[in-house]
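Structure file my_file35.cif (mmCIF, C-alpha atoms) is printed below.
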data_final
#
loop_
_atom_site.label_atom_id
_atom_site.label_comp_id
_atom_site.auth_asym_id
_atom_site.auth_seq_id
_atom_site.Cartn_x
_atom_site.Cartn_y
_atom_site.Cartn_z
CA MET A 1 22.11 -5.56 94.17
CA VAL A 2 24.38 -5.69 91.17
CA SER A 3 27.26 -3.68 92.57
CA GLU A 4 27.83 -6.07 95.48
CA GLU A 5 28.66 -8.88 93.12
CA LYS A 6 32.21 -9.23 91.95
CA GLU A 7 33.22 -9.28 88.32
CA THR A 8 33.97 -12.72 86.97
CA ILE A 9 37.29 -13.43 85.30
CA LEU A 10 37.60 -12.42 81.65
CA TRP A 11 39.01 -15.05 79.27
CA GLU A 12 40.07 -14.76 75.64
CA VAL A 13 38.72 -17.55 73.46
CA PHE A 14 40.58 -19.27 70.60
CA ILE A 15 38.95 -21.82 68.33
CA GLN A 16 40.56 -24.33 66.01
CA PRO A 17 38.18 -25.12 63.13
CA LYS A 18 39.89 -28.42 62.28
CA ASN A 19 43.19 -30.26 62.52
CA GLY A 20 45.81 -28.66 60.35
CA LEU A 21 44.64 -25.10 61.09
CA SER A 22 45.78 -23.00 64.02
CA HIS A 23 43.59 -21.83 66.89
CA ARG A 24 42.21 -18.41 66.09
CA HIS A 25 41.03 -15.67 68.43
CA CYS A 26 37.27 -15.22 68.28
CA GLY A 27 36.27 -13.17 71.32
CA SER A 28 36.08 -13.28 75.08
CA ILE A 29 33.96 -14.81 77.79
CA HIS A 30 33.31 -14.30 81.51
CA ALA A 31 33.63 -17.34 83.80
CA PRO A 32 34.78 -17.99 87.36
CA ASP A 33 37.17 -20.82 86.42
CA ARG A 34 38.72 -22.56 83.45
CA GLU A 35 36.24 -25.44 83.17
CA MET A 36 33.29 -23.05 83.13
CA ALA A 37 35.18 -20.84 80.69
CA ILE A 38 35.57 -23.74 78.25
CA LEU A 39 31.91 -24.66 78.64
CA SER A 40 30.67 -21.11 78.05
CA ALA A 41 33.10 -20.57 75.19
CA ARG A 42 31.68 -23.65 73.50
CA ASN A 43 28.09 -22.43 73.96
CA VAL A 44 28.80 -18.91 72.80
CA TYR A 45 31.35 -19.40 70.03
CA SER A 46 30.62 -22.81 68.57
CA ARG A 47 26.91 -23.35 68.07
CA ARG A 48 27.28 -24.40 64.44
CA GLY A 49 30.26 -26.70 64.40
CA GLU A 50 32.76 -23.83 64.07
CA GLY A 51 35.43 -25.74 65.93
CA GLN A 52 36.78 -28.95 67.29
CA SER A 53 39.14 -27.54 69.89
CA ILE A 54 38.95 -24.50 72.17
CA TRP A 55 41.63 -22.64 74.12
CA VAL A 56 40.81 -20.15 76.83
CA VAL A 57 43.42 -17.82 78.31
CA ARG A 58 42.94 -15.29 81.07
CA SER A 59 42.88 -11.89 79.37
CA ILE A 60 45.24 -10.39 81.96
CA ASP A 61 47.84 -13.04 81.15
CA ILE A 62 48.21 -11.85 77.57
CA VAL A 63 51.27 -9.68 77.14
CA SER A 64 51.09 -7.31 74.22
CA SER A 65 53.46 -5.02 72.37
CA ASP A 66 52.88 -1.29 72.54
CA PRO A 67 50.64 -0.17 69.65
CA ASP A 68 52.30 3.26 69.70
CA GLU A 69 55.65 1.69 68.94
CA LYS A 70 54.51 -0.16 65.85
CA GLU A 71 57.11 1.54 63.68
CA GLU A 72 60.05 0.93 65.98
CA THR A 73 58.97 -2.63 66.68
CA PHE A 74 57.94 -3.82 63.26
CA SER A 75 59.53 -1.62 60.63
CA SER A 76 61.51 -3.58 58.04
CA ASP A 77 61.63 -1.00 55.27
CA ASP A 78 65.40 -0.81 55.69
CA LYS A 79 65.82 -4.55 55.20
CA ILE A 80 64.54 -5.03 51.70
CA TYR A 81 67.22 -7.72 51.13
CA ARG A 82 64.99 -10.03 53.16
CA HIS A 83 62.53 -10.21 50.30
CA PRO A 84 62.98 -12.39 47.17
CA THR A 85 62.37 -9.49 44.77
CA PHE A 86 65.62 -7.85 45.98
CA TYR A 87 67.63 -10.36 43.99
CA ASP A 88 68.07 -10.12 40.20
CA VAL A 89 67.79 -13.41 38.37
CA PRO A 90 67.57 -13.65 34.55
CA ASP A 91 64.03 -14.19 33.29
CA ASP A 92 64.94 -17.32 31.34
CA VAL A 93 65.92 -19.10 34.55
CA GLY A 94 62.21 -19.63 35.02
CA HIS A 95 60.37 -19.80 38.31
CA MET A 96 62.60 -19.62 41.38
CA MET B 1 37.46 -6.38 84.98
CA ALA B 2 37.99 -3.43 82.72
CA ARG B 3 40.94 -3.58 80.40
CA LYS B 4 43.63 -0.99 80.52
CA GLN B 5 43.25 1.57 77.79
CA ASN B 6 45.77 3.46 75.80
CA GLU B 7 45.64 6.96 77.22
CA LYS B 8 47.97 8.58 74.76
CA ILE B 9 46.30 11.56 73.18
CA VAL B 10 45.84 11.30 69.46
CA SER B 11 45.05 14.40 67.44
CA LEU B 12 41.71 14.39 65.67
CA GLU B 13 43.40 15.08 62.35
CA GLU B 14 45.84 12.21 62.73
CA PHE B 15 42.99 9.89 63.69
CA GLN B 16 40.81 11.02 60.80
CA GLU B 17 43.64 10.39 58.35
CA LYS B 18 43.92 6.84 59.63
CA ILE B 19 40.17 6.34 59.23
CA ASP B 20 40.26 7.85 55.74
CA ARG B 21 42.97 5.35 54.77
CA ASP B 22 40.43 2.67 55.77
CA GLU B 23 42.66 1.43 58.55
CA LYS B 24 40.87 -0.41 61.34
CA ILE B 25 41.11 0.77 64.93
CA GLU B 26 42.01 -1.92 67.46
CA PRO B 27 41.45 -1.89 71.25
CA LYS B 28 44.93 -0.79 72.30
CA ASP B 29 45.27 1.92 69.65
CA SER B 30 44.91 5.47 70.83
CA MET B 31 41.60 7.03 69.82
CA PRO B 32 39.74 10.27 70.52
CA GLU B 33 37.58 10.13 73.62
CA ALA B 34 34.47 11.00 71.60
CA TYR B 35 35.05 8.02 69.29
CA ARG B 36 35.41 5.70 72.29
CA LYS B 37 32.27 7.11 73.92
CA THR B 38 30.19 6.87 70.76
CA LEU B 39 31.21 3.24 70.31
CA ILE B 40 30.61 2.29 73.95
CA ARG B 41 27.13 3.80 73.72
CA GLN B 42 26.28 2.20 70.38
CA ILE B 43 27.74 -1.26 71.08
CA GLY B 44 26.25 -1.26 74.58
CA GLN B 45 22.77 -0.40 73.27
CA HIS B 46 23.18 -3.00 70.58
CA ALA B 47 24.14 -5.67 73.14
CA HIS B 48 21.22 -4.76 75.40
CA SER B 49 18.88 -4.97 72.40
CA GLU B 50 19.99 -8.52 71.66
CA VAL B 51 19.46 -9.51 75.27
CA VAL B 52 16.07 -7.83 75.72
CA GLY B 53 15.15 -9.14 72.27
CA MET B 54 14.99 -12.63 73.74
CA LEU B 55 11.95 -11.71 75.84
CA PRO B 56 9.18 -11.16 73.25
CA GLU B 57 10.09 -14.42 71.51
CA GLY B 58 10.83 -16.39 74.65
CA ASN B 59 7.17 -15.76 75.41
CA TRP B 60 6.25 -18.28 72.67
CA ILE B 61 8.80 -21.08 73.15
CA THR B 62 6.47 -23.23 75.26
CA ARG B 63 3.55 -22.58 72.90
CA ALA B 64 5.20 -23.05 69.50
CA PRO B 65 2.72 -24.92 67.26
CA THR B 66 5.05 -27.80 66.28
CA LEU B 67 8.26 -29.37 67.50
CA ARG B 68 10.07 -28.08 64.40
CA ARG B 69 8.99 -24.52 65.17
CA LYS B 70 9.95 -24.93 68.80
CA LEU B 71 13.45 -26.13 67.92
CA SER B 72 13.97 -23.21 65.54
CA LEU B 73 12.72 -20.68 68.05
CA LEU B 74 14.89 -22.09 70.83
CA ALA B 75 17.93 -21.93 68.55
CA LYS B 76 17.06 -18.38 67.52
CA VAL B 77 16.62 -17.15 71.07
CA GLN B 78 19.88 -18.83 72.05
CA ASP B 79 21.57 -17.03 69.14
CA GLU B 80 20.27 -13.69 70.44
CA ALA B 81 21.88 -14.42 73.80
CA GLY B 82 25.12 -15.25 71.99
CA HIS B 83 24.92 -12.06 69.95
CA GLY B 84 24.47 -10.05 73.14
CA LEU B 85 27.62 -11.67 74.52
CA TYR B 86 29.71 -11.04 71.37
CA LEU B 87 28.72 -7.39 71.60
CA TYR B 88 29.31 -6.99 75.34
CA CYS B 89 32.74 -8.46 74.71
CA ALA B 90 33.38 -5.87 71.97
CA ALA B 91 32.25 -3.04 74.27
CA GLU B 92 34.50 -4.34 77.04
CA THR B 93 37.55 -3.91 74.83
CA LEU B 94 36.83 -0.16 75.05
CA GLY B 95 37.23 -0.17 78.81
CA LYS B 96 33.69 -0.50 80.11
CA SER B 97 33.09 -3.44 82.45
CA ARG B 98 30.41 -6.05 81.94
CA MET B 99 29.04 -5.38 85.43
CA GLU B 100 28.66 -1.69 84.68
CA MET B 101 26.73 -2.44 81.50
CA THR B 102 24.52 -4.97 83.28
CA GLN B 103 23.82 -2.44 85.99
CA GLU B 104 22.80 0.21 83.46
CA LEU B 105 20.40 -2.18 81.76
CA LEU B 106 18.81 -3.30 85.02
CA SER B 107 18.44 0.22 86.38
CA GLY B 108 16.74 1.36 83.18
CA LYS B 109 19.52 3.88 82.47
CA ALA B 110 20.71 2.16 79.30
CA LYS B 111 18.66 2.25 76.14
CA TYR B 112 17.89 -0.68 73.89
CA SER B 113 15.96 -0.89 70.64
CA SER B 114 12.38 0.28 71.19
CA ILE B 115 11.07 -2.48 68.96
CA PHE B 116 11.29 -4.88 71.90
CA ASN B 117 8.83 -2.81 73.89
CA TYR B 118 5.96 -4.13 71.79
CA PRO B 119 3.98 -7.24 72.82
CA THR B 120 3.69 -10.60 71.01
CA PRO B 121 0.03 -11.58 71.48
CA THR B 122 -0.14 -14.27 68.74
CA TRP B 123 2.07 -16.89 67.12
CA ALA B 124 2.08 -14.78 63.95
CA ASP B 125 3.95 -12.07 65.87
CA ILE B 126 6.88 -14.48 66.05
CA GLY B 127 6.79 -14.77 62.25
CA ALA B 128 6.56 -11.00 61.89
CA ILE B 129 9.49 -10.43 64.26
CA GLY B 130 11.77 -12.82 62.38
CA TRP B 131 10.79 -11.44 59.01
CA LEU B 132 10.59 -7.71 59.76
CA VAL B 133 12.56 -7.05 62.93
CA ASP B 134 15.44 -9.35 62.06
CA GLY B 135 15.15 -8.13 58.48
CA ALA B 136 15.60 -4.54 59.64
CA ALA B 137 18.40 -5.59 61.98
CA ILE B 138 20.25 -7.28 59.12
CA MET B 139 19.87 -4.15 56.97
CA ASN B 140 21.47 -2.17 59.79
CA GLN B 141 24.12 -4.73 60.61
CA ILE B 142 25.55 -5.65 57.23
CA PRO B 143 27.28 -2.26 56.79
CA LEU B 144 28.52 -2.54 60.40
CA CYS B 145 30.64 -5.52 59.30
CA ARG B 146 32.88 -2.86 57.72
CA CYS B 147 32.84 -0.56 60.74
CA SER B 148 36.17 1.09 61.56
CA TYR B 149 36.39 -0.48 65.02
CA GLY B 150 37.85 -3.98 64.60
CA PRO B 151 36.19 -5.89 67.47
CA TYR B 152 32.74 -4.47 66.60
CA ALA B 153 33.16 -5.31 62.91
CA ARG B 154 34.27 -8.86 63.75
CA ALA B 155 31.33 -9.39 66.10
CA MET B 156 28.98 -8.14 63.39
CA ILE B 157 30.37 -10.59 60.84
CA ARG B 158 29.57 -13.51 63.16
CA ILE B 159 26.15 -12.06 63.92
CA CYS B 160 25.17 -11.44 60.30
CA LYS B 161 26.14 -14.99 59.36
CA GLU B 162 23.76 -16.31 62.00
CA GLU B 163 20.93 -13.83 61.50
CA SER B 164 19.97 -14.90 58.02
CA PHE B 165 18.39 -18.06 59.43
CA HIS B 166 16.35 -15.86 61.76
CA GLN B 167 14.74 -13.90 58.97
CA ARG B 168 14.07 -16.98 56.88
CA GLN B 169 12.39 -18.83 59.76
CA GLY B 170 10.17 -15.79 60.37
CA TYR B 171 9.19 -15.47 56.73
CA GLU B 172 8.45 -19.19 56.58
CA ILE B 173 6.07 -18.84 59.53
CA MET B 174 4.27 -15.96 57.78
CA LEU B 175 4.17 -17.86 54.49
CA THR B 176 2.67 -20.93 56.17
CA LEU B 177 0.01 -18.87 57.95
CA ALA B 178 -0.76 -16.90 54.79
CA LYS B 179 -1.37 -20.18 52.93
CA GLY B 180 -3.48 -21.56 55.79
CA THR B 181 -7.09 -21.06 56.82
CA LYS B 182 -8.81 -17.70 56.57
CA ALA B 183 -8.30 -17.17 60.31
CA GLN B 184 -4.57 -17.98 60.02
CA LYS B 185 -4.13 -15.57 57.13
CA GLU B 186 -5.91 -12.86 59.10
CA MET B 187 -3.67 -13.52 62.06
CA ALA B 188 -0.61 -13.08 59.83
CA GLN B 189 -2.01 -9.84 58.37
CA ARG B 190 -2.76 -8.44 61.83
CA ALA B 191 0.77 -9.23 62.97
CA LEU B 192 2.16 -7.46 59.90
CA ASN B 193 -0.08 -4.48 60.73
CA ARG B 194 1.28 -4.38 64.29
CA TRP B 195 4.96 -4.74 63.40
CA TRP B 196 5.27 -2.75 60.18
CA TRP B 197 5.57 0.78 61.55
CA PRO B 198 7.65 -0.09 64.60
CA SER B 199 10.04 -1.93 62.21
CA VAL B 200 10.25 1.07 59.89
CA MET B 201 11.06 3.18 62.96
CA MET B 202 13.91 0.85 63.95
CA PHE B 203 16.27 2.81 61.72
CA GLY B 204 15.92 5.81 64.01
CA PRO B 205 14.97 9.43 63.38
CA ASN B 206 15.10 11.04 59.95
CA ASP B 207 18.61 12.12 58.97
CA ALA B 208 17.83 15.77 59.64
CA ASP B 209 16.95 14.91 63.25
CA SER B 210 19.76 12.47 63.92
CA PRO B 211 22.52 14.35 65.74
CA ASN B 212 24.92 11.40 66.03
CA THR B 213 24.92 10.47 62.37
CA GLU B 214 27.45 13.01 61.10
CA ASN B 215 30.35 11.98 63.34
CA SER B 216 29.49 8.31 62.99
CA VAL B 217 29.64 8.51 59.22
CA LYS B 218 32.85 10.54 59.33
CA TRP B 219 34.47 7.94 61.61
CA LYS B 220 33.14 5.08 59.48
CA ILE B 221 31.17 3.60 62.32
CA LYS B 222 28.07 4.04 60.20
CA ARG B 223 28.29 3.59 56.45
CA TYR B 224 24.72 4.63 55.58
CA THR B 225 22.33 7.11 57.13
CA ASN B 226 19.08 6.12 58.85
CA ASP B 227 16.93 7.15 55.88
CA GLU B 228 19.12 5.32 53.37
CA LEU B 229 18.81 2.09 55.34
CA ARG B 230 15.07 2.59 55.85
CA GLN B 231 14.60 2.94 52.10
CA LYS B 232 16.52 -0.30 51.47
CA PHE B 233 14.33 -2.05 54.02
CA VAL B 234 11.04 -0.88 52.55
CA ASP B 235 12.20 -1.77 49.04
CA ALA B 236 13.16 -5.27 50.16
CA ILE B 237 10.08 -6.07 52.23
CA VAL B 238 7.24 -4.81 50.02
CA PRO B 239 7.71 -7.45 47.28
CA GLN B 240 8.15 -10.16 49.93
CA ALA B 241 4.77 -9.23 51.42
CA GLU B 242 3.14 -9.25 47.97
CA LYS B 243 4.61 -12.67 47.30
CA ILE B 244 2.71 -14.21 50.21
CA GLY B 245 -0.46 -12.19 49.64
CA LEU B 246 -0.16 -9.87 52.62
CA THR B 247 -0.64 -6.11 52.50
CA VAL B 248 1.79 -3.59 53.96
CA PRO B 249 -0.38 -1.28 56.10
CA ASP B 250 0.54 2.02 54.47
CA LYS B 251 -1.99 3.69 52.17
CA ASP B 252 0.68 6.07 50.89
CA LEU B 253 2.97 3.30 49.74
CA LYS B 254 3.63 3.56 46.01
CA TRP B 255 6.38 3.02 43.47
CA ASP B 256 8.36 6.17 42.89
CA LYS B 257 10.75 6.03 39.98
CA LYS B 258 12.71 9.03 41.25
CA ARG B 259 13.90 7.25 44.42
CA ASN B 260 17.35 5.68 44.78
CA ASN B 261 18.89 8.16 42.32
CA GLY B 262 16.43 7.37 39.58
CA LYS B 263 16.62 3.59 39.97
CA GLY B 264 13.21 3.61 41.59
CA GLY B 265 12.00 2.68 45.05
CA TYR B 266 8.93 2.80 47.25
CA ALA B 267 7.62 6.05 48.61
CA TYR B 268 6.10 5.48 52.03
CA GLY B 269 3.81 7.38 54.37
CA GLU B 270 4.55 9.68 57.28
CA ILE B 271 6.11 8.01 60.32
CA ASN B 272 4.50 8.70 63.68
CA TRP B 273 7.53 10.16 65.45
CA ASP B 274 5.49 11.04 68.52
CA GLU B 275 4.95 7.35 69.09
CA PHE B 276 8.64 6.65 68.44
CA TRP B 277 9.82 9.17 71.05
CA ARG B 278 7.14 8.12 73.52
CA VAL B 279 8.43 4.52 73.43
CA VAL B 280 12.08 5.64 73.53
CA ARG B 281 11.29 7.68 76.65
CA GLY B 282 9.92 4.60 78.39
CA ASP B 283 6.21 4.81 77.76
CA GLY B 284 5.78 1.95 75.28
CA PRO B 285 3.41 -0.97 75.83
CA MET B 286 6.06 -3.25 77.36
CA ASN B 287 8.94 -1.06 78.67
CA LYS B 288 8.26 -1.77 82.34
CA GLU B 289 7.64 -5.48 81.81
CA ARG B 290 10.89 -5.91 79.90
CA ILE B 291 13.04 -4.31 82.59
CA SER B 292 11.28 -6.09 85.40
CA ALA B 293 11.72 -9.43 83.59
CA LYS B 294 15.47 -8.73 83.34
CA GLN B 295 15.64 -7.72 87.02
CA LYS B 296 13.77 -10.86 88.04
CA ALA B 297 16.10 -13.07 85.99
CA TRP B 298 19.14 -11.32 87.45
CA ASN B 299 17.91 -11.64 91.03
CA GLU B 300 16.81 -15.22 90.67
CA GLY B 301 20.12 -16.13 89.04
CA SER B 302 22.12 -14.61 91.89
CA TRP B 303 22.55 -17.93 93.74
CA VAL B 304 23.82 -19.56 90.54
CA ARG B 305 26.54 -16.94 90.17
CA ALA B 306 27.40 -17.23 93.87
CA ALA B 307 27.58 -21.02 93.60
CA ALA B 308 29.81 -20.83 90.52
CA HIS B 309 32.22 -18.53 92.36
CA ALA B 310 32.19 -20.76 95.45
CA HIS B 311 32.85 -23.83 93.32
CA ALA B 312 35.75 -22.12 91.54
CA LEU B 313 37.23 -21.04 94.87
CA LYS B 314 36.85 -24.52 96.41
CA LYS B 315 38.63 -26.15 93.48
CA GLN B 316 41.39 -23.58 93.51
CA THR B 317 41.93 -24.13 97.24
CA ALA B 318 42.03 -27.90 96.78
CA LEU B 319 44.54 -27.48 93.96
CA GLN B 320 46.80 -25.28 96.09
CA ALA B 321 46.62 -27.73 99.01
CA ALA B 322 47.71 -30.55 96.71
CA GLU B 323 50.75 -28.67 95.43
#
Could you spell out this file's structure in structure tokens?
Amino acid sequence: MVSEEKETILWEVFIQPKNGLSHRHCGSIHAPDREMAILSARNVYSRRGEGQSIWVVRSIDIVSSDPDEKEETFSSDDKIYRHPTFYDVPDDVGHM
Amino acid sequence: MARKQNEKIVSLEEFQEKIDRDEKIEPKDSMPEAYRKTLIRQIGQHAHSEVVGMLPEGNWITRAPTLRRKLSLLAKVQDEAGHGLYLYCAAETLGKSRMEMTQELLSGKAKYSSIFNYPTPTWADIGAIGWLVDGAAIMNQIPLCRCSYGPYARAMIRICKEESFHQRQGYEIMLTLAKGTKAQKEMAQRALNRWWWPSVMMFGPNDADSPNTENSVKWKIKRYTNDELRQKFVDAIVPQAEKIGLTVPDKDLKWDKKRNNGKGGYAYGEINWDEFWRVVRGDGPMNKERISAKQKAWNEGSWVRAAAHAHALKKQTALQAAE
């Protein structure tokens, strides 16, 4: 019976397409341990040479910021001096 | 394990404004319960369809006529398994566990696309499935790449990229048979006759009879209605059939210059909705076989899952002992 079986661990999968690019999240996978997670992640997320390196991380180990506090956490509207356009430079100085 | 959801209540107006600004919704964002439920149902059914969709084609892997065809079919069926997994993973982000979804499929509670409750008696059926069924699926899925729910949209982008090979391999099978002997051409025509109407029905009931459409369009889960997508499908397939000398089995099919806002399109005959609802309710030619095949696979795979868990536990214990 299905219900007697326990849920396998959920892993988030990150794939690096090639050297020079970062690993990028592409989905999740169920597997009982890390070796099987890597193996399944390869079969599910890289059937057409999408990557050359895979990371798997247990989903419960990912710590995330609170989406309801986006404004408090990420607002930078009051710090416009952090952007290059804040500074006036004469046009004839050219590209800077 | 189910992920923890954001339980903060969001007002419908606030949520709608966000949708109207074309902002995507991500798993931890607060969302109305009805939006979550609609998505869980739709993504779950979609995932089950991919998984059950392996069965009619799997039927022909050992009997594919050439090694080339066998390789393609194996790759296609493996893709369908992958697509099922992408989608289960998207549904899980909404708080429904994989085990729960599996259970609903095996018990017959969950629905999947009725198209997979039809049999594949000949090799030409494999061609017809790739061409028509995957063709209809692509028509449905391309707009879903822009769906408001981020994980679903991302899964659909991967899926659509992979599906185009599916349709091409199906059409190539039909083309080859249509150019073959008289018997082969007839086999292709009969497969088209069998799969045409069920494929046209894949888009679901007419808009007037589709209660879920309104909210889904409003929430940008769906971008087109069932009838709009059906029209696109018919318009795309009819010339493809003509090209290989096969006839779409609809005597009412004719060019209608008023369709598609005056751009023209094909008018098509009455759909047999009684048949559609009969198959949805479980009384199609293969409903029972499909579910029992899934139950058999689940039961026979039970020792594999148990062994995988035991192996993981053994290694973990050995690792702890070494530390």
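Nearest to chain B of all the residues A:Pro84, A:Gly51, A:Pro17, A:Pro67 is A:Pro67, counting only C-alpha atoms.
Once the PyMOL selection byres ((chain B and resi 118) around 10) is applied to the shown structure, the selection contains Pro56, Ser114, Ile115, Phe116, Asn117, Pro119, Thr120, Pro121, Arg194, Trp195, Pro198, Val279, Gly284, Pro285, Met286, Asn287 and Arg290 of chain B.
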Shell of 10 Å around region 3-16 of chain A, all atoms listed in the file, local chain residues under 2 positions omitted, as a count of residues only:
54
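Straight-line separation from CA of Met156 (chain B) to CA of Gln16 (chain B): 22.7 Å.
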Who sits within 10 Å of Val77 (chain B), all atoms listed in the file, same chain under 5 positions skipped, as a PDB file with C-alpha atoms, keeping the file's coordinate frame:
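What landed in selection.pdb:
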ATOM      1  CA  GLU B  50      19.990  -8.520  71.660  1.00  0.00           C
ATOM      2  CA  VAL B  51      19.460  -9.510  75.270  1.00  0.00           C
ATOM      3  CA  GLY B  53      15.150  -9.140  72.270  1.00  0.00           C
ATOM      4  CA  MET B  54      14.990 -12.630  73.740  1.00  0.00           C
ATOM      5  CA  LEU B  55      11.950 -11.710  75.840  1.00  0.00           C
ATOM      6  CA  PRO B  56       9.180 -11.160  73.250  1.00  0.00           C
ATOM      7  CA  GLU B  57      10.090 -14.420  71.510  1.00  0.00           C
ATOM      8  CA  GLY B  58      10.830 -16.390  74.650  1.00  0.00           C
ATOM      9  CA  ILE B  61       8.800 -21.080  73.150  1.00  0.00           C
ATOM     10  CA  SER B  72      13.970 -23.210  65.540  1.00  0.00           C
ATOM     11  CA  GLY B  82      25.120 -15.250  71.990  1.00  0.00           C
ATOM     12  CA  HIS B  83      24.920 -12.060  69.950  1.00  0.00           C
ATOM     13  CA  HIS B 166      16.350 -15.860  61.760  1.00  0.00           C
TER      14      HIS B 166
END
Any idea what's packed within 12 Å of Ser65 (chain A), counting all atoms listed in the file, ignoring anything in its chain fewer than 6 positions away? Could you give it as a list in words?
Glu71, Glu72, Thr73 and Phe74 of chain A; Asn6, Lys28 and Asp29 of chain B
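Here CA of Gly204 (chain B) stands at a distance of 11.8 Å from CA of Ala137 (chain B).
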Which distance in Å separates CA of Thr62 (chain B) and CA of Ile173 (chain B), to one decimal?
16.3 Å
Care to translate the PyMOL selection byres ((chain B and resi 262-277) around 10) into actual residues of this file, as a ChimeraX atom specification?
/B:114-115,197-198,200-202,204-206,231-236,238,249-261,278-284
Within 9 Å of Pro65 (chain B) using only C-alpha atoms, minus same-chain residues under 4 positions, as a ChimeraX atom specification:
/B:69-70,123
Can you list, as a list in words, the residues that the PyMOL selection byres ((chain B and resi 12) around 10) selects here?
Ile9, Val10, Ser11, Glu13, Glu14, Phe15, Gln16, Glu17, Lys18, Met31, Pro32, Glu33, Ala34 and Tyr35 of chain B
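Among the candidate residues B:Ile291, B:Ala307, B:Ile221, B:Leu73, the one lying nearest to chain A is B:Ala307, with distances computed using all atoms listed in the file.
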